[in-house]
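Peer 1: Let me begin by handing over the structure; questions about it come next.
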Amino acid sequence: MTPVLSPNTQAILLLTAPLIAGRGAVSSDLLTPGEYKRLARHLREIQRQPADLLSPDAPEILRACQSVIDENRLQKLLGRGFLLSQVIERWQARAIWVVSRADAEYPRRLKARLREDAPAVLYGCGDMALLETGGLAVVGSRHVDDALIDYTMAVGRLAARAGRTLVSGGAKGIDQAAMCGALEGGGKVCGVLANSLEKTTMNREHRNLLLNGELVLISPYDPSAGFNVGNAMQRNKLIYALADTSLVVSSDLNKGGTWSGAVEQLDKLKFIPVFIRSTGESSAGLNGLRKKGALPWPNPQDVDSFEDVFNVEMPTPPASPQVGFALFSNEESSLADAKPTAPVPRNTAPVPQNEIKPFAMVDVVSDTQPPAPPLEKAPSATPEAVALLDGAEKPRQPESTPAEMLFAAVREAIEQLLSTPMKDAEVAAALDVSKTQAKAWLQRLVDEGVLEKQKRPAGYIVKQKRLFE
């Protein structure tokens, strides 16, 4: 599938992408990720979208953006239309697709987890639907011995037998071993590349896998971009954001992309649990990650024990006080809330959670829509409407409390989200509330019979009406 580039995506490419077509010089005035984030936010505030920068109203809109990005600079970037047409033709000839954060096809996991830090543009080749399947992320060093290659390939084959997608970075060493093991086992693989997407997709060995829907390769960088250490570091968060859990097979200590990506996940992002290899010769890097909270890999040998790895989850961080939200929460403060703890097995948690699976959700970050207006408050009964001719003799209908009105709005929003299974963490991200609050709401809706929790695919989902029920 090679989606047609939307007008929004074309505008975003002109503003942010090098558009490498042969040996031409790359523009030095490209918007940085931070600059584009500010511009996208400003466009939403004035109820515009990137495509409007190419419309007949563009001069007026560019002047309105002058306070954010220099108008002349934007005009120069937007004037690269001929170059864009050249690279689009090149990409289409190689079955490379492009989606932007403004497109509905953009991976919802990245949008929900990375929010405004999700790459403005993604390039890819292969079945885009694989990006929504979660799975196991496997990462590690480039230079390892044969024993670790064999170990990693075995992990990939087990993931394939379990029907779990394998997510990795496509680099030499551990990444490629994990991906090869999964593909050899008949599994599905998602590769997040830091460079050379075009060259990799044209490899005869990969071509049939891409066309058959067994492999998808993506990159936030131009398909012709060469290797760059900074790019390799930055793409690591995408690997974790696309997965349900992760395994670090090898790592240096305090250096390298594997170390920085795992530490970022453990200390800052905390999307998913991080496991480290627990058999064979250890290393200073793995020991360092263990001290930061990484878990020992339980070395599953069959599908059932492998599935147990996906039942380990991140701890719930202490929630910030939010006005009105505590109305529906049974949470109590304790010493455990005061400091983070290691991820715990599901059966020890008071409210069980489920794996992250593909989900349908509202756009958490959209480059095309203004910020959503606040939920409308349900109209309260007025004295005129309530007063009866003989009001002293008939009981007055009780008005809805603010808590009831708020939860009614929450119920409606959650029902819209959960047309397909979602984990509580994903609901929390979509509603922009703490995970503790989302769990309390979800549990209440389960108790009311509105939602149900299912095991495969795991997650909360709107309860379906059954025949004769």
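Residues in the structure tokens are named by chain (A, B, ... in the order shown) and by number from 1 within that chain; ligands are numbered from 1 in the order shown.
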Residues of segment 111-205 of chain A that approach segment 216-224 of chain A to 10 Å or less, counting only C-alpha atoms: could you list each one with the shortest pair of atoms and its distance in Å to one decimal, rows by chain and increasing residue number, as a tab-separated table?
Peer 2:
```
residue	atom	partner	partner_atom	distance
A:Ala118	CA	A:Pro220	CA	9.3
A:Pro119	CA	A:Pro220	CA	6.1
A:Ala120	CA	A:Pro220	CA	8.0
A:Val121	CA	A:Pro220	CA	6.1
A:Leu122	CA	A:Pro220	CA	4.7
A:Tyr123	CA	A:Ser219	CA	5.3
A:Gly124	CA	A:Ile218	CA	4.1
A:Cys125	CA	A:Leu217	CA	5.4
A:Gly126	CA	A:Val216	CA	4.3
A:Asp127	CA	A:Val216	CA	5.6
A:Met128	CA	A:Val216	CA	6.7
A:Ala129	CA	A:Val216	CA	8.8
A:Leu130	CA	A:Val216	CA	6.9
A:Leu131	CA	A:Val216	CA	7.8
A:Val167	CA	A:Val216	CA	9.8
A:Ser168	CA	A:Leu217	CA	9.9
A:Gly169	CA	A:Leu217	CA	9.2
A:Gly170	CA	A:Leu217	CA	8.6
A:Lys188	CA	A:Val216	CA	8.4
A:Val189	CA	A:Val216	CA	6.5
A:Cys190	CA	A:Val216	CA	5.0
A:Gly191	CA	A:Leu217	CA	4.7
A:Val192	CA	A:Ile218	CA	5.1
A:Leu193	CA	A:Ser219	CA	5.0
A:Ala194	CA	A:Ser219	CA	6.2
A:Asn195	CA	A:Tyr221	CA	6.8
A:Ser196	CA	A:Ser224	CA	5.4
A:Leu197	CA	A:Pro223	CA	4.6
A:Glu198	CA	A:Pro223	CA	4.8
A:Lys199	CA	A:Ser224	CA	7.5
A:Thr200	CA	A:Leu217	CA	8.6
A:Thr201	CA	A:Leu217	CA	7.6
```
Peer 1: Go ahead and dump the residues you just picked, C-alpha atoms, as a short mmCIF file (atom, residue, chain, number, x, y, z; two decimals), in the first residue's frame.
Peer 2:
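Wrote it out as selection07.cif, contents follow:
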```
data_model
loop_
_atom_site.label_atom_id
_atom_site.label_comp_id
_atom_site.auth_asym_id
_atom_site.auth_seq_id
_atom_site.Cartn_x
_atom_site.Cartn_y
_atom_site.Cartn_z
CA ALA A 118 5.95 12.00 17.89
CA PRO A 119 7.82 12.51 14.61
CA ALA A 120 6.05 14.97 12.34
CA VAL A 121 6.58 12.59 9.40
CA LEU A 122 7.11 8.84 9.11
CA TYR A 123 8.45 7.07 6.03
CA GLY A 124 7.86 3.38 5.58
CA CYS A 125 7.46 0.31 3.41
CA GLY A 126 5.27 -2.71 4.10
CA ASP A 127 2.02 -3.30 5.92
CA MET A 128 1.29 -0.23 8.02
CA ALA A 129 -1.20 -2.22 10.13
CA LEU A 130 1.69 -4.06 11.82
CA LEU A 131 2.55 -0.82 13.61
CA VAL A 167 9.96 -4.81 17.15
CA SER A 168 13.60 -3.81 16.75
CA GLY A 169 15.94 -1.31 15.15
CA GLY A 170 17.36 -3.17 12.17
CA LYS A 188 5.71 -10.56 11.93
CA VAL A 189 8.42 -7.93 12.33
CA CYS A 190 8.51 -4.15 12.64
CA GLY A 191 11.88 -2.51 12.03
CA VAL A 192 12.50 1.10 13.07
CA LEU A 193 15.49 2.29 11.05
CA ALA A 194 17.78 5.23 11.74
CA ASN A 195 19.10 5.42 8.19
CA SER A 196 19.04 3.99 4.65
CA LEU A 197 15.36 3.07 4.50
CA GLU A 198 15.33 3.21 0.70
CA LYS A 199 18.39 1.00 0.34
CA THR A 200 17.06 -1.52 2.85
CA THR A 201 13.65 -1.80 1.19
#
```
Peer 1: I need the residues of segment 102-136 of chain A that end up classed as alpha helix (DSSP H) by DSSP on the backbone, written out as a ChimeraX atom specification.
Peer 2: /A:108-114
Peer 1: At a cut-off of 9 Å, using only C-alpha atoms, what residues contact Gly285 of chain A? Leave out same-chain residues fewer than 3 positions from it and give the result as a PDB file with N, CA and C atoms, in the first residue's frame.
Peer 2:
```
ATOM      1  N   SER A 250      22.014  -7.051  25.311  1.00  0.00           N
ATOM      2  CA  SER A 250      23.371  -6.628  25.668  1.00  0.00           C
ATOM      3  C   SER A 250      23.429  -5.111  25.606  1.00  0.00           C
ATOM      4  N   SER A 251      24.349  -4.546  26.405  1.00  0.00           N
ATOM      5  CA  SER A 251      24.488  -3.089  26.420  1.00  0.00           C
ATOM      6  C   SER A 251      25.807  -2.702  27.052  1.00  0.00           C
ATOM      7  N   ASP A 252      26.374  -1.621  26.545  1.00  0.00           N
ATOM      8  CA  ASP A 252      27.520  -1.023  27.218  1.00  0.00           C
ATOM      9  C   ASP A 252      27.020  -0.243  28.429  1.00  0.00           C
ATOM     10  N   LEU A 253      27.935   0.176  29.278  1.00  0.00           N
ATOM     11  CA  LEU A 253      27.585   0.958  30.455  1.00  0.00           C
ATOM     12  C   LEU A 253      27.817   2.439  30.190  1.00  0.00           C
ATOM     13  N   ASN A 254      26.770   3.231  30.380  1.00  0.00           N
ATOM     14  CA  ASN A 254      26.866   4.694  30.285  1.00  0.00           C
ATOM     15  C   ASN A 254      27.257   5.201  28.903  1.00  0.00           C
ATOM     16  N   LYS A 255      27.028   4.406  27.862  1.00  0.00           N
ATOM     17  CA  LYS A 255      27.325   4.879  26.510  1.00  0.00           C
ATOM     18  C   LYS A 255      26.587   4.009  25.496  1.00  0.00           C
ATOM     19  N   TRP A 259      22.071   1.631  25.564  1.00  0.00           N
ATOM     20  CA  TRP A 259      22.051   2.110  26.948  1.00  0.00           C
ATOM     21  C   TRP A 259      21.157   3.356  27.084  1.00  0.00           C
ATOM     22  N   SER A 282      27.073 -12.006  32.097  1.00  0.00           N
ATOM     23  CA  SER A 282      26.472 -10.691  32.266  1.00  0.00           C
ATOM     24  C   SER A 282      27.457  -9.613  31.832  1.00  0.00           C
ATOM     25  N   GLY A 288      24.032  -2.352  35.239  1.00  0.00           N
ATOM     26  CA  GLY A 288      23.643  -0.958  35.453  1.00  0.00           C
ATOM     27  C   GLY A 288      22.160  -0.738  35.215  1.00  0.00           C
ATOM     28  N   LEU A 289      21.615  -1.388  34.191  1.00  0.00           N
ATOM     29  CA  LEU A 289      20.177  -1.275  33.920  1.00  0.00           C
ATOM     30  C   LEU A 289      19.364  -1.948  35.009  1.00  0.00           C
ATOM     31  N   ARG A 290      19.889  -3.041  35.535  1.00  0.00           N
ATOM     32  CA  ARG A 290      19.187  -3.734  36.631  1.00  0.00           C
ATOM     33  C   ARG A 290      19.058  -2.800  37.839  1.00  0.00           C
TER      34      ARG A 290
END
```
Peer 1: For segment 69-142 of chain A versus segment 151-161 of chain A, which residues have an atom no more than 9 Å away, and what is each residue's nearest atom pair and distance in Å rounded to one decimal, using only C-alpha atoms, chain-then-number order, as CSV?
Peer 2:
```
residue,atom,partner,partner_atom,distance
A:Gly135,CA,A:Ala159,CA,8.2
A:Leu136,CA,A:Ala159,CA,7.4
A:Val138,CA,A:Thr152,CA,8.3
```
Peer 1: What does the file look like for those residues with all heavy atoms, as a tab-separated table (two decimals), in the first residue's frame?
Peer 2:
```tsv
chain	number	residue	atom	x	y	z
A	135	GLY	N	3.66	-5.99	20.70
A	135	GLY	CA	4.64	-7.06	20.63
A	135	GLY	C	5.84	-6.85	21.54
A	135	GLY	O	5.80	-6.06	22.49
A	136	LEU	N	6.91	-7.57	21.23
A	136	LEU	CA	8.14	-7.55	22.03
A	136	LEU	C	9.22	-6.74	21.32
A	136	LEU	O	9.56	-7.03	20.17
A	136	LEU	CB	8.64	-8.97	22.26
A	136	LEU	CG	10.01	-9.12	22.94
A	136	LEU	CD1	9.95	-8.65	24.40
A	136	LEU	CD2	10.51	-10.56	22.85
A	138	VAL	N	13.10	-5.97	21.05
A	138	VAL	CA	14.39	-6.57	21.39
A	138	VAL	C	15.49	-5.65	20.88
A	138	VAL	O	15.52	-5.30	19.71
A	138	VAL	CB	14.54	-7.97	20.77
A	138	VAL	CG1	15.91	-8.55	21.11
A	138	VAL	CG2	13.44	-8.91	21.27
```
Peer 1: Enter the distance from atom CA of Gln437 of chain A to atom CA of Leu406 of chain A, in Å, rounded to one decimal.
Peer 2: 13.3 Å
Peer 1: Using only C-alpha atoms for the distances, tell me which of A:Leu14, A:Ala408, A:Leu238, A:Val98 is nearest to Asp117 of chain A.
Peer 2: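 Closest to Asp117 of chain A, using only C-alpha atoms: A:Leu238.
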Peer 1: With only C-alpha atoms as the counted atoms, please give the residues lying no more than 9 Å from segment 53-62 of chain A, apart from itself and same-chain residues fewer than 6 positions off, as a ChimeraX atom specification.
Peer 2: /A:7,11,43,69-72,74-75,78
Peer 1: Skip segment 103-112 of chain A itself and residues of its chain fewer than 5 positions away, then list as a list in words all residues within 7 Å of it, counting only C-alpha atoms.
Peer 2: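 In the requested form, the answer reads Ala118, Leu131, Glu132, Ala241, Leu242, Val364, Val365, Glu426, Ala429 and Ala430 of chain A.
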Peer 1: Which of these residues is nearest to Thr279 of chain A, using only C-alpha atoms: A:Lys455, A:Ile174, A:Leu148, A:Leu210?
Peer 2: A:Leu148
Peer 1: Considering only C-alpha atoms, can you say which of A:Ala21, A:Met233, A:Leu431, A:Ala440 comes closest to Gly256 of chain A?
Peer 2: A:Met233
Peer 1: Taking only C-alpha atoms into account, which of A:Ser434, A:Asn231, A:Ser283, A:Ser246 comes nearest Leu166 of chain A?
Peer 2: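 Among the listed residues, the smallest separation from Leu166 of chain A belongs to A:Ser246.
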Peer 1: Return the single residue from A:Met202, A:Val249, A:Leu5, A:Ile461 that is closest to Trp97 of chain A, with distances computed using only C-alpha atoms.
Peer 2: A:Leu5
Peer 1: State, in Å with one decimal place, the distance from atom CA of Leu183 of chain A to atom CA of Ile96 of chain A.
Peer 2: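 We find that atom CA of Leu183 of chain A and atom CA of Ile96 of chain A lie 20.8 Å from each other.
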